[in-house]
file data_27.cif (mmCIF, C-alpha atoms and all ligand atoms)
data_coords
#
loop_
_atom_site.label_atom_id
_atom_site.label_comp_id
_atom_site.auth_asym_id
_atom_site.auth_seq_id
_atom_site.Cartn_x
_atom_site.Cartn_y
_atom_site.Cartn_z
CA MET V 1 0.00 0.00 0.00
CA SER V 2 1.50 3.37 -0.99
CA ARG V 3 1.82 6.31 1.42
CA SER V 4 -0.85 8.99 1.34
CA ASN V 5 -0.50 12.75 0.98
CA ARG V 6 -3.87 14.42 1.04
CA PHE V 7 -6.75 13.88 3.42
CA TYR V 8 -10.40 14.78 3.52
CA ILE V 9 -12.47 14.72 6.73
CA GLU V 10 -16.26 14.86 6.76
CA THR V 11 -17.62 15.85 10.16
CA TRP V 12 -21.14 15.28 11.44
CA GLY V 13 -22.60 16.28 14.79
CA CYS V 14 -21.60 18.31 17.81
CA GLN V 15 -18.62 20.44 18.83
CA MET V 16 -16.99 17.38 20.42
CA ASN V 17 -16.86 15.86 16.94
CA GLU V 18 -15.61 19.13 15.45
CA LEU V 19 -12.73 19.11 17.90
CA ASP V 20 -12.08 15.41 17.29
CA SER V 21 -11.80 16.22 13.56
CA GLN V 22 -9.26 18.92 14.39
CA ARG V 23 -7.35 16.31 16.39
CA LEU V 24 -7.47 13.84 13.48
CA ALA V 25 -6.35 16.53 11.02
CA GLY V 26 -3.51 17.60 13.30
CA GLN V 27 -2.12 14.09 13.52
CA LEU V 28 -2.21 13.69 9.75
CA MET V 29 -0.57 17.07 9.19
CA ARG V 30 2.21 16.07 11.59
CA GLN V 31 2.88 13.16 9.27
CA GLY V 32 3.32 15.61 6.41
CA MET V 33 -0.15 15.26 4.88
CA THR V 34 -2.25 18.18 3.73
CA PRO V 35 -5.99 18.71 3.88
CA THR V 36 -8.06 18.91 0.70
CA ARG V 37 -11.62 20.13 0.16
CA SER V 38 -12.26 17.56 -2.55
CA VAL V 39 -12.88 13.87 -1.87
CA GLN V 40 -11.72 13.10 -5.42
CA GLU V 41 -8.25 14.44 -4.65
CA ALA V 42 -7.91 12.67 -1.31
CA ASP V 43 -5.70 9.71 -0.46
CA ILE V 44 -7.35 9.34 2.96
CA VAL V 45 -11.04 9.93 3.63
CA LEU V 46 -12.33 9.98 7.20
CA LEU V 47 -16.03 10.06 8.08
CA ASN V 48 -16.37 11.43 11.61
CA SER V 49 -19.90 10.24 12.32
CA CYS V 50 -22.60 11.15 14.84
CA SER V 51 -25.26 8.81 16.23
CA VAL V 52 -27.55 11.35 17.84
CA ARG V 53 -29.84 11.78 14.83
CA GLU V 54 -32.26 9.23 13.48
CA LYS V 55 -31.09 6.38 11.24
CA ALA V 56 -27.46 7.26 11.91
CA GLU V 57 -26.15 3.82 11.01
CA HIS V 58 -28.07 3.73 7.76
CA LYS V 59 -26.73 7.16 6.76
CA VAL V 60 -23.17 6.16 7.58
CA PHE V 61 -23.30 3.02 5.46
CA SER V 62 -24.83 4.86 2.55
CA ARG V 63 -22.06 7.50 2.77
CA LEU V 64 -19.36 4.83 2.96
CA GLY V 65 -20.93 3.25 -0.13
CA ARG V 66 -20.37 6.54 -1.95
CA TYR V 67 -16.74 6.74 -0.83
CA ARG V 68 -16.14 3.22 -2.12
CA LEU V 69 -16.79 4.51 -5.64
CA PHE V 70 -13.73 6.77 -5.34
CA LYS V 71 -11.67 3.70 -4.51
CA LYS V 72 -12.31 2.45 -8.04
CA ALA V 73 -10.41 5.45 -9.43
CA ASN V 74 -7.80 5.36 -6.68
CA PRO V 75 -7.27 1.81 -5.34
CA ASP V 76 -4.84 3.11 -2.70
CA LEU V 77 -7.50 5.36 -1.18
CA ILE V 78 -7.80 4.72 2.57
CA ILE V 79 -11.27 5.02 4.09
CA GLY V 80 -11.73 5.29 7.85
CA LEU V 81 -14.92 5.38 9.89
CA CYS V 82 -14.57 7.50 13.04
CA GLY V 83 -16.93 9.01 15.63
CA CYS V 84 -19.88 7.67 17.59
CA VAL V 85 -21.22 5.32 14.93
CA ALA V 86 -17.74 3.76 14.70
CA GLN V 87 -17.97 2.98 18.42
CA GLN V 88 -21.48 1.63 17.98
CA VAL V 89 -20.88 -0.69 15.01
CA GLY V 90 -17.18 -1.61 15.53
CA GLU V 91 -16.17 -4.83 13.80
CA ARG V 92 -19.53 -5.08 11.98
CA ALA V 93 -18.58 -2.13 9.78
CA LEU V 94 -15.58 -3.99 8.33
CA ALA V 95 -17.76 -6.99 7.52
CA ARG V 96 -20.42 -4.84 5.90
CA VAL V 97 -18.12 -2.56 3.88
CA PRO V 98 -15.31 -4.64 2.35
CA ASP V 99 -13.42 -1.51 1.21
CA LEU V 100 -13.43 0.10 4.66
CA ASP V 101 -9.86 0.24 5.98
CA PHE V 102 -10.35 0.94 9.67
CA VAL V 103 -12.79 1.84 12.43
CA LEU V 104 -11.74 4.35 15.11
CA GLY V 105 -13.96 5.17 18.11
CA PRO V 106 -14.15 8.67 19.64
CA ALA V 107 -12.11 7.71 22.71
CA ARG V 108 -9.31 6.41 20.46
CA VAL V 109 -8.85 9.45 18.22
CA GLY V 110 -5.27 9.93 19.46
CA GLU V 111 -4.33 6.52 18.02
CA LEU V 112 -4.83 7.46 14.35
CA GLY V 113 -1.11 7.39 13.54
CA ASP V 114 -0.74 3.89 14.95
CA VAL V 115 -3.90 2.67 13.19
CA LEU V 116 -2.62 3.99 9.84
CA ALA V 117 0.78 2.38 10.34
CA ARG V 118 -0.93 -0.96 10.99
CA ARG V 119 -3.12 -0.45 7.93
CA HIS V 120 -0.03 0.14 5.82
CA GLN V 121 1.20 -3.27 7.09
CA GLY V 122 -2.01 -4.77 5.70
CA GLU V 123 -4.16 -4.98 8.85
CA ARG V 124 -7.78 -3.76 8.90
CA VAL V 125 -7.91 -2.24 12.38
CA VAL V 126 -10.86 -1.82 14.73
CA ALA V 127 -9.91 0.58 17.56
CA VAL V 128 -12.96 1.17 19.76
CA GLY V 129 -13.74 1.11 23.51
CA PHE V 130 -12.64 3.36 26.31
CA PRO V 131 -9.10 3.27 27.62
CA GLU V 132 -8.98 4.23 31.30
CA ARG V 133 -6.47 6.98 30.71
CA ALA V 134 -7.40 9.43 27.99
CA ASP V 135 -4.40 11.14 26.44
CA PHE V 136 -5.11 14.57 25.00
CA ASP V 137 -2.24 15.45 22.71
CA TYR V 138 -3.25 19.06 22.27
CA ASP V 139 -0.02 19.97 20.50
CA SER V 140 -1.23 18.02 17.50
CA ILE V 141 -4.65 19.67 17.14
CA SER V 142 -5.02 21.49 13.83
CA ARG V 143 -6.74 24.80 14.60
CA ASP V 144 -6.33 26.23 11.10
CA GLY V 145 -9.22 28.27 9.80
CA THR V 146 -11.12 28.16 13.07
CA HIS V 147 -12.19 31.21 15.00
CA LYS V 148 -12.45 29.76 18.46
CA GLY V 149 -10.18 27.53 20.49
CA MET V 150 -12.12 24.50 21.69
CA VAL V 151 -10.75 22.67 24.72
CA THR V 152 -12.06 19.33 25.99
CA VAL V 153 -12.35 19.31 29.77
CA ILE V 154 -14.40 16.15 30.29
CA GLU V 155 -15.17 13.21 28.02
CA GLY V 156 -18.06 10.73 28.21
CA CYS V 157 -21.17 10.84 30.40
CA ASN V 158 -22.42 8.95 33.48
CA LYS V 159 -26.02 10.13 33.38
CA ASN V 160 -27.91 7.54 31.34
CA CYS V 161 -30.89 9.65 30.31
CA THR V 162 -33.30 7.08 28.91
CA PHE V 163 -33.33 8.52 25.35
CA CYS V 164 -29.60 9.04 24.90
CA ILE V 165 -26.95 6.90 23.25
CA VAL V 166 -23.97 9.05 24.28
CA PRO V 167 -22.94 7.00 27.35
CA GLN V 168 -22.58 4.00 25.01
CA THR V 169 -20.69 5.82 22.27
CA ARG V 170 -18.51 8.12 24.33
CA GLY V 171 -18.18 5.96 27.45
CA PRO V 172 -18.04 6.93 31.13
CA GLU V 173 -16.84 10.34 32.34
CA ARG V 174 -13.12 11.06 32.23
CA CYS V 175 -11.98 14.49 33.44
CA ARG V 176 -8.79 16.23 32.39
CA PRO V 177 -6.46 17.62 35.05
CA ILE V 178 -6.79 21.37 35.53
CA ALA V 179 -3.09 22.02 34.90
CA GLN V 180 -3.41 20.50 31.41
CA ILE V 181 -6.54 22.51 30.63
CA LEU V 182 -5.01 25.82 31.75
CA ARG V 183 -1.84 25.14 29.75
CA GLU V 184 -3.86 24.48 26.61
CA VAL V 185 -5.94 27.64 27.07
CA GLU V 186 -2.76 29.72 27.56
CA GLN V 187 -1.32 28.20 24.42
CA LEU V 188 -4.46 29.08 22.43
CA VAL V 189 -4.34 32.66 23.69
CA GLU V 190 -0.69 32.87 22.60
CA GLN V 191 -1.77 31.63 19.16
CA GLY V 192 -4.20 34.56 18.97
CA PHE V 193 -7.56 32.98 19.81
CA LEU V 194 -9.85 35.53 21.44
CA GLU V 195 -12.61 33.04 22.19
CA ILE V 196 -12.21 29.85 24.21
CA GLU V 197 -14.88 27.19 24.44
CA LEU V 198 -14.71 24.47 27.08
CA LEU V 199 -16.26 21.23 25.89
CA GLY V 200 -17.84 18.22 27.53
CA GLN V 201 -21.05 16.23 27.24
CA THR V 202 -21.80 17.35 30.80
CA VAL V 203 -19.18 20.07 30.97
CA ASN V 204 -20.24 21.44 34.35
CA HIS V 205 -19.77 18.04 35.97
CA TRP V 206 -16.00 18.47 35.60
CA ARG V 207 -13.99 17.61 38.73
CA GLU V 208 -10.24 17.69 39.20
CA PRO V 209 -9.26 14.00 38.96
CA GLY V 210 -8.59 12.82 42.52
CA GLY V 211 -9.09 16.37 43.84
CA GLU V 212 -11.69 18.68 45.32
CA GLN V 213 -11.96 21.41 42.69
CA ASP V 214 -15.12 21.65 40.63
CA PHE V 215 -16.29 23.43 37.48
CA ALA V 216 -16.89 26.76 39.29
CA HIS V 217 -13.20 26.79 40.17
CA LEU V 218 -12.20 25.83 36.64
CA LEU V 219 -14.34 28.63 35.18
CA ASP V 220 -12.81 31.12 37.57
CA ARG V 221 -9.28 30.06 36.65
CA VAL V 222 -9.83 30.03 32.87
CA ALA V 223 -11.70 33.36 32.88
CA SER V 224 -8.79 34.89 34.82
CA ILE V 225 -6.22 34.05 32.16
CA PRO V 226 -5.13 37.34 30.53
CA GLY V 227 -6.12 37.45 26.87
CA VAL V 228 -9.25 35.28 27.19
CA GLU V 229 -11.65 37.82 25.71
CA ARG V 230 -14.59 35.46 25.46
CA LEU V 231 -15.25 32.26 27.36
CA ARG V 232 -18.03 29.80 26.59
CA PHE V 233 -18.76 26.26 27.71
CA VAL V 234 -21.06 23.56 26.42
CA THR V 235 -23.09 21.44 27.30
CA SER V 236 -24.28 22.12 30.85
CA TYR V 237 -26.45 19.70 32.74
CA PRO V 238 -29.13 21.57 34.75
CA ARG V 239 -28.89 19.41 37.87
CA ASP V 240 -25.12 19.96 38.08
CA PHE V 241 -25.30 23.75 37.91
CA THR V 242 -24.38 25.05 41.40
CA PRO V 243 -24.67 28.59 42.90
CA PRO V 244 -20.85 29.07 42.77
CA MET V 245 -21.03 28.39 39.00
CA VAL V 246 -23.84 30.93 38.64
CA LYS V 247 -21.70 33.45 40.52
CA GLN V 248 -18.92 33.22 37.94
CA PHE V 249 -21.25 34.86 35.40
CA ALA V 250 -21.51 37.92 37.64
CA ARG V 251 -17.83 37.90 38.51
CA HIS V 252 -16.24 37.59 35.06
CA PRO V 253 -17.59 39.82 32.25
CA ASN V 254 -15.55 37.78 29.76
CA ILE V 255 -17.75 34.73 30.41
CA CYS V 256 -20.17 35.21 27.52
CA PRO V 257 -23.78 36.01 28.46
CA TYR V 258 -24.99 32.85 26.80
CA LEU V 259 -25.73 29.39 28.12
CA HIS V 260 -27.01 26.24 26.45
CA LEU V 261 -29.05 24.49 29.12
CA PRO V 262 -31.06 21.52 27.80
CA VAL V 263 -34.44 21.21 29.57
CA GLN V 264 -35.88 18.47 27.28
CA SER V 265 -39.48 18.83 28.59
CA GLY V 266 -41.68 21.13 30.68
CA SER V 267 -43.53 18.21 32.30
CA ASP V 268 -42.23 16.68 35.52
CA ARG V 269 -43.77 13.33 34.63
CA ILE V 270 -41.87 13.22 31.32
CA LEU V 271 -38.67 14.50 32.93
CA ARG V 272 -38.93 11.56 35.35
CA LEU V 273 -39.42 9.10 32.49
CA MET V 274 -36.41 10.63 30.77
CA GLY V 275 -34.36 10.12 33.95
CA ARG V 276 -33.30 13.76 34.02
CA GLY V 277 -33.26 14.18 37.81
CA TYR V 278 -34.80 17.67 38.05
CA THR V 279 -38.26 19.21 37.93
CA HIS V 280 -39.39 22.05 35.69
CA GLY V 281 -39.67 24.16 38.87
CA GLU V 282 -35.99 23.56 39.70
CA TYR V 283 -35.05 24.40 36.13
CA ARG V 284 -37.05 27.65 36.25
CA GLU V 285 -35.40 28.55 39.56
CA LEU V 286 -31.95 28.03 38.07
CA VAL V 287 -32.85 30.25 35.10
CA GLY V 288 -33.97 32.93 37.58
CA GLN V 289 -30.64 32.74 39.42
CA LEU V 290 -28.71 32.99 36.16
CA ARG V 291 -30.72 36.03 35.03
CA ASP V 292 -30.22 37.69 38.43
CA ALA V 293 -26.47 37.14 38.12
CA ARG V 294 -26.33 38.26 34.49
CA PRO V 295 -29.45 40.10 33.30
CA ASP V 296 -28.31 40.10 29.66
CA ILE V 297 -27.82 36.32 29.51
CA ALA V 298 -29.31 34.52 26.49
CA LEU V 299 -30.35 30.94 27.07
CA SER V 300 -30.81 28.20 24.51
CA THR V 301 -32.19 24.74 25.14
CA ASP V 302 -32.94 21.29 23.71
CA ILE V 303 -36.46 19.87 23.73
CA ILE V 304 -37.75 16.45 22.73
CA VAL V 305 -41.43 16.27 21.78
CA GLY V 306 -43.42 13.07 21.42
CA PHE V 307 -41.45 11.24 24.10
CA PRO V 308 -43.22 7.92 24.95
CA GLY V 309 -46.16 8.66 27.25
CA GLU V 310 -46.27 12.41 26.48
CA THR V 311 -49.91 13.56 26.64
CA ASP V 312 -51.38 16.80 25.29
CA GLY V 313 -51.25 18.06 28.89
CA ASP V 314 -47.50 17.27 29.17
CA PHE V 315 -46.84 18.99 25.87
CA PHE V 316 -48.85 22.01 26.98
CA GLU V 317 -46.54 22.31 30.01
CA THR V 318 -43.57 22.38 27.62
CA LEU V 319 -45.20 25.17 25.60
CA GLU V 320 -45.86 27.04 28.83
CA LEU V 321 -42.24 26.75 29.91
CA VAL V 322 -40.98 27.94 26.51
CA GLY V 323 -43.42 30.88 26.57
CA ASP V 324 -42.37 31.85 30.08
CA LEU V 325 -38.59 31.49 29.80
CA ARG V 326 -38.19 33.03 26.33
CA PHE V 327 -35.12 31.20 25.10
CA SER V 328 -32.91 32.84 22.47
CA SER V 329 -33.06 29.56 20.55
CA VAL V 330 -34.54 26.10 20.93
CA PHE V 331 -33.19 22.93 19.33
CA ALA V 332 -36.38 20.87 19.15
CA PHE V 333 -36.58 17.28 17.98
CA LYS V 334 -39.24 14.66 17.62
CA PHE V 335 -38.44 11.63 19.76
CA SER V 336 -36.78 8.85 17.83
CA PRO V 337 -35.64 5.60 19.41
CA ARG V 338 -31.93 4.84 19.74
CA PRO V 339 -30.66 1.27 19.82
CA GLY V 340 -29.74 0.07 23.31
CA THR V 341 -31.54 2.87 25.19
CA ALA V 342 -34.43 2.43 27.65
CA ALA V 343 -36.96 4.94 26.26
CA PRO V 344 -38.18 2.83 23.29
CA ARG V 345 -39.37 0.18 25.80
CA LEU V 346 -41.62 2.67 27.64
CA ASP V 347 -45.43 2.43 27.37
CA SER V 348 -47.69 4.60 25.21
CA PRO V 349 -45.52 5.63 22.28
CA VAL V 350 -46.67 8.84 20.60
CA ASN V 351 -47.62 8.39 16.97
CA GLU V 352 -45.73 10.12 14.16
CA GLU V 353 -48.53 12.49 13.27
CA THR V 354 -48.98 13.76 16.83
CA GLY V 355 -45.19 14.11 17.27
CA SER V 356 -44.90 16.13 14.04
CA ARG V 357 -47.85 18.37 14.95
CA ARG V 358 -46.38 19.09 18.38
CA LEU V 359 -43.00 19.84 16.87
CA GLN V 360 -44.50 22.34 14.43
CA GLU V 361 -46.48 24.00 17.21
CA LEU V 362 -43.40 24.35 19.38
CA LEU V 363 -41.26 25.69 16.53
CA ALA V 364 -43.93 28.26 15.60
CA LEU V 365 -44.11 29.53 19.19
CA GLN V 366 -40.33 29.72 19.44
CA GLU V 367 -40.01 31.52 16.11
CA SER V 368 -42.33 34.28 17.28
CA ILE V 369 -40.36 34.63 20.55
CA GLN V 370 -37.06 34.70 18.70
CA ARG V 371 -38.33 37.33 16.30
CA GLU V 372 -39.37 39.58 19.18
CA LEU V 373 -36.12 39.07 21.08
CA ASN V 374 -34.02 39.76 17.98
CA GLU V 375 -36.09 42.82 17.01
CA SER V 376 -35.40 44.30 20.44
CA LEU V 377 -31.71 44.37 19.46
CA VAL V 378 -32.21 46.57 16.39
CA GLY V 379 -30.40 49.88 16.87
CA THR V 380 -27.88 48.47 19.37
CA GLU V 381 -24.14 48.14 18.79
CA MET V 382 -22.65 44.73 19.42
CA PRO V 383 -19.12 43.31 19.35
CA VAL V 384 -19.02 40.53 16.78
CA LEU V 385 -16.40 37.80 16.48
CA VAL V 386 -15.87 37.29 12.74
CA THR V 387 -16.40 33.66 11.70
CA GLY V 388 -16.78 33.62 7.90
CA ARG V 389 -18.68 34.86 4.86
CA GLY V 390 -22.15 36.37 5.21
CA ASN V 391 -25.30 35.50 3.28
CA GLU V 392 -24.92 38.28 0.68
CA PRO V 393 -22.06 39.07 -1.70
CA GLY V 394 -19.39 41.03 0.15
CA ALA V 395 -20.93 40.41 3.58
CA GLN V 396 -19.23 38.75 6.50
CA ALA V 397 -20.75 36.81 9.38
CA GLY V 398 -19.94 36.47 13.04
CA ARG V 399 -21.28 35.84 16.52
CA THR V 400 -22.28 38.20 19.29
CA THR V 401 -21.32 37.40 22.87
CA CYS V 402 -24.90 36.12 23.27
CA HIS V 403 -24.18 33.70 20.40
CA ARG V 404 -26.48 35.27 17.82
CA ILE V 405 -25.41 35.13 14.19
CA VAL V 406 -24.84 38.56 12.61
CA HIS V 407 -24.40 39.20 8.87
CA PHE V 408 -22.73 42.53 8.26
CA HIS V 409 -21.19 44.72 5.59
CA ALA V 410 -17.80 46.21 6.30
CA HIS V 411 -17.75 49.05 3.67
CA ASN V 412 -13.95 49.20 3.59
CA GLY V 413 -12.76 45.65 3.10
CA ASP V 414 -12.94 42.45 5.10
CA THR V 415 -12.33 42.24 8.82
CA PRO V 416 -9.88 39.43 9.64
CA LEU V 417 -11.42 36.09 10.67
CA GLY V 418 -11.24 35.54 14.41
CA SER V 419 -11.11 39.26 15.25
CA ILE V 420 -13.78 41.16 17.18
CA THR V 421 -15.42 44.13 15.49
CA PRO V 422 -18.29 46.48 16.44
CA VAL V 423 -21.48 46.15 14.40
CA ARG V 424 -24.65 48.26 14.46
CA ILE V 425 -27.72 46.02 14.24
CA GLU V 426 -30.12 47.31 11.56
CA LYS V 427 -32.52 44.45 10.96
CA ALA V 428 -33.64 41.27 12.68
CA ASN V 429 -34.79 37.88 11.45
CA PRO V 430 -35.85 35.07 13.77
CA HIS V 431 -32.57 33.25 13.21
CA SER V 432 -30.05 36.03 12.55
CA LEU V 433 -29.30 39.74 12.76
CA LEU V 434 -28.18 42.06 9.96
CA GLY V 435 -26.00 45.11 10.37
CA SER V 436 -23.06 47.28 9.38
CA ARG V 437 -19.59 47.37 10.80
CA LEU V 438 -18.80 50.51 12.79
CA LEU V 439 -15.45 52.19 12.41
CA SER V 440 -15.04 53.03 16.09
CA SER V 441 -14.15 50.22 18.41
CA ILE V 442 -16.26 49.05 21.32
CA SER V 443 -15.14 46.67 23.99
CA SER V 444 -16.20 43.03 23.90
S1 LIG V 501 -26.62 14.02 30.24
FE1 LIG V 501 -26.65 14.47 28.05
S2 LIG V 501 -25.07 13.14 27.16
FE2 LIG V 501 -25.49 12.36 29.22
S3 LIG V 501 -27.03 10.76 28.91
FE3 LIG V 501 -28.16 12.66 29.37
S4 LIG V 501 -28.59 13.60 27.36
FE4 LIG V 501 -27.01 12.03 27.05
#

call {"tool": "encode", "arguments": {"input": "data_27.cif", "output": "structure tokens", "more": "lines below"}}
Ligand code: SF4
result
Amino acid sequence: MSRSNRFYIETWGCQMNELDSQRLAGQLMRQGMTPTRSVQEADIVLLNSCSVREKAEHKVFSRLGRYRLFKKANPDLIIGLCGCVAQQVGERALARVPDLDFVLGPARVGELGDVLARRHQGERVVAVGFPERADFDYDSISRDGTHKGMVTVIEGCNKNCTFCIVPQTRGPERCRPIAQILREVEQLVEQGFLEIELLGQTVNHWREPGGEQDFAHLLDRVASIPGVERLRFVTSYPRDFTPPMVKQFARHPNICPYLHLPVQSGSDRILRLMGRGYTHGEYRELVGQLRDARPDIALSTDIIVGFPGETDGDFFETLELVGDLRFSSVFAFKFSPRPGTAAPRLDSPVNEETGSRRLQELLALQESIQRELNESLVGTEMPVLVTGRGNEPGAQAGRTTCHRIVHFHAHNGDTPLGSITPVRIEKANPHSLLGSRLLSSISS
């Protein structure tokens, strides 16, 4: 098998996968390979898959089928399946796709070099499972072309919500030592990143391995690093959010006034069936505390409609909660069963039609709330971190501290990617803001 020079990575799913793709790319670049935007030009193709959405396995196999066609033109092409579906299907993937060269689970991302070397010796490798010690080789993460520095602080999840496959695909919780995290953040600041995002499936459940310190302490330490202009973290678990964590929002203005806090349902009965461990009252109280600490905070959430056993009354409670709390965005999904999870075995499944109707109703309510919230920002000036091209010729796009997308015109040339620039908001849509870059500078 000849050596490979160019690689192509297709990434599905969450920020954890995005960062894993940066880790995969970094390892390949260290071996002298270069990224390409075209699958046809690639010598290595990696599919970094996600199993959160419906029919994930089916979609992965159909995508791998497409990649196999490129192998006809380039018999030396190496195809690797990575990510959560890799963990889920393991060995089976090699049997099902004869041209697949290796399978690499999310907890084994750091072993890509070794897996490729073994492949070059002729072995079809399956590297899945969860080693007790997770090595984070952050020196080899490729951050090219990205506007924020993502830093894993905790991997896996111990919660076992009845609808979720993550504990199976990403394994039990493993926390990184604080010294390692702080070093990586300092390094990113030195490289010029203005925004840092701490990542974990239940990021606020981070604990110093073998120590006492918790996520409130970690937030305090990271926010205190000179040069960290913006700090975000995702995803927070409501039950794990403590008053000292809330306090950090008031204490550090560089912690962005934005929090993704999945509620999943407004009904206590459904929350119990989901195994979430909090009531809607406790969730509302937490939101109140956060808004007291940081009145400008924007909150987003995840909601599942049509969970088994959900009645019209339960769904009404979800609508009520959404109407009351006025989230800046809602990621709403219709329940769909995941293999190996408990929820599909629950009584009284909700039929497709009812699930779809509820989803539409929820989305319509949220759209009207979002429109109002965004319209209230027209006329304000906001610091925007530039992330890419806008939706019109010549426009650029970026994010406010409250994580809203802004499309703006600069008038006198492009603003560098990754920099922060002041923008006057002139128009609002439910899902984005439109504006013009100001010449004077405002603080972030
Ligand atoms: S806490 Fe999040 S990642 Fe963990 S099982 Fe529940 S939904 Fe899944």

call {"tool": "atom_distance", "arguments": {"input": "data_27.cif", "atom1": "CA of Val234 in chain V", "atom2": "CA of Gln15 in chain V"}}
result
8.6 Å

call {"tool": "residues_near_ligand", "arguments": {"input": "data_27.cif", "ligand": "ligand LIG 501 (chain V)", "cutoff": "12 Å", "atoms": "all atoms listed in the file", "output": "PyMOL selection string"}}
result
chain V and resi 14+16+51-52+154-173+200-205+234-240+260-264+271+274-278+301-304+338+341-343

call {"tool": "atom_distance", "arguments": {"input": "data_27.cif", "atom1": "CA of Ser356 in chain V", "atom2": "CA of Lys59 in chain V"}}
result
21.5 Å

call {"tool": "residues_around", "arguments": {"input": "data_27.cif", "residues": "range 39-42 of chain V", "least_positions_apart": "2", "cutoff": "7 Å", "atoms": "all atoms listed in the file", "output": "PDB file with C-alpha atoms, in the frame of the given file"}}
result
ATOM      1  CA  ARG V   6      -3.870  14.420   1.040  1.00  0.00           C
ATOM      2  CA  PHE V   7      -6.750  13.880   3.420  1.00  0.00           C
ATOM      3  CA  TYR V   8     -10.400  14.780   3.520  1.00  0.00           C
ATOM      4  CA  THR V  36      -8.060  18.910   0.700  1.00  0.00           C
ATOM      5  CA  ARG V  37     -11.620  20.130   0.160  1.00  0.00           C
ATOM      6  CA  ILE V  44      -7.350   9.340   2.960  1.00  0.00           C
ATOM      7  CA  VAL V  45     -11.040   9.930   3.630  1.00  0.00           C
ATOM      8  CA  PHE V  70     -13.730   6.770  -5.340  1.00  0.00           C
TER       9      PHE V  70
END

call {"tool": "closest_residue", "arguments": {"input": "data_27.cif", "among": "V:Asp114, V:Asp76, V:Asp268, V:Glu91", "to": "Gln27 in chain V", "atoms": "all atoms listed in the file"}}
result
V:Asp114

call {"tool": "residues_around", "arguments": {"input": "data_27.cif", "residues": "range 385-387 of chain V", "least_positions_apart": "6", "cutoff": "12 Å", "atoms": "all atoms listed in the file", "output": "ChimeraX atom specification"}}
result
/V:145-148,193-196,229-230,256,395-410,414-423,437,443-444

call {"tool": "closest_residue", "arguments": {"input": "data_27.cif", "among": "V:Met150, V:Leu319, V:Ala117, V:Leu28", "to": "Ala364 in chain V", "atoms": "only C-alpha atoms"}}
result
V:Leu319

call {"tool": "closest_residue", "arguments": {"input": "data_27.cif", "among": "V:Leu218, V:Val350, V:Leu433, V:Ile78", "to": "Met382 in chain V", "atoms": "only C-alpha atoms"}}
result
V:Leu433

call {"tool": "residues_around", "arguments": {"input": "data_27.cif", "residues": "Asn5 in chain V", "least_positions_apart": "5", "cutoff": "7 Å", "atoms": "only C-alpha atoms", "output": "short mmCIF file (atom, residue, chain, number, x, y, z; two decimals) with C-alpha atoms, in the frame of the given file"}}
result
data_model
loop_
_atom_site.label_atom_id
_atom_site.label_comp_id
_atom_site.auth_asym_id
_atom_site.auth_seq_id
_atom_site.Cartn_x
_atom_site.Cartn_y
_atom_site.Cartn_z
CA MET V 33 -0.15 15.26 4.88
CA THR V 34 -2.25 18.18 3.73
CA ASP V 43 -5.70 9.71 -0.46
#

call {"tool": "atom_distance", "arguments": {"input": "data_27.cif", "atom1": "CA of Thr11 in chain V", "atom2": "CA of Ala86 in chain V"}}
result
12.9 Å

call {"tool": "closest_residue", "arguments": {"input": "data_27.cif", "among": "V:Thr380, V:Gln121, V:Asn351, V:Ser328", "to": "Ile297 in chain V", "atoms": "all atoms listed in the file"}}
result
V:Ser328

call {"tool": "residues_around", "arguments": {"input": "data_27.cif", "residues": "Glu186 in chain V", "least_positions_apart": "3", "cutoff": "12 Å", "atoms": "all atoms listed in the file", "output": "PyMOL selection string"}}
result
chain V and resi 138+149+151+179-183+189-196+221-228

call {"tool": "write_last_selection", "arguments": {"input": "data_27.cif", "atoms": "C-alpha atoms", "output": "mmCIF file, in the coordinates of the input"}}
result
data_model
loop_
_atom_site.group_PDB
_atom_site.id
_atom_site.type_symbol
_atom_site.label_atom_id
_atom_site.label_comp_id
_atom_site.auth_asym_id
_atom_site.auth_seq_id
_atom_site.Cartn_x
_atom_site.Cartn_y
_atom_site.Cartn_z
ATOM 1 C CA TYR V 138 -3.250 19.060 22.270
ATOM 2 C CA GLY V 149 -10.180 27.530 20.490
ATOM 3 C CA VAL V 151 -10.750 22.670 24.720
ATOM 4 C CA ALA V 179 -3.090 22.020 34.900
ATOM 5 C CA GLN V 180 -3.410 20.500 31.410
ATOM 6 C CA ILE V 181 -6.540 22.510 30.630
ATOM 7 C CA LEU V 182 -5.010 25.820 31.750
ATOM 8 C CA ARG V 183 -1.840 25.140 29.750
ATOM 9 C CA VAL V 189 -4.340 32.660 23.690
ATOM 10 C CA GLU V 190 -0.690 32.870 22.600
ATOM 11 C CA GLN V 191 -1.770 31.630 19.160
ATOM 12 C CA GLY V 192 -4.200 34.560 18.970
ATOM 13 C CA PHE V 193 -7.560 32.980 19.810
ATOM 14 C CA LEU V 194 -9.850 35.530 21.440
ATOM 15 C CA GLU V 195 -12.610 33.040 22.190
ATOM 16 C CA ILE V 196 -12.210 29.850 24.210
ATOM 17 C CA ARG V 221 -9.280 30.060 36.650
ATOM 18 C CA VAL V 222 -9.830 30.030 32.870
ATOM 19 C CA ALA V 223 -11.700 33.360 32.880
ATOM 20 C CA SER V 224 -8.790 34.890 34.820
ATOM 21 C CA ILE V 225 -6.220 34.050 32.160
ATOM 22 C CA PRO V 226 -5.130 37.340 30.530
ATOM 23 C CA GLY V 227 -6.120 37.450 26.870
ATOM 24 C CA VAL V 228 -9.250 35.280 27.190
#
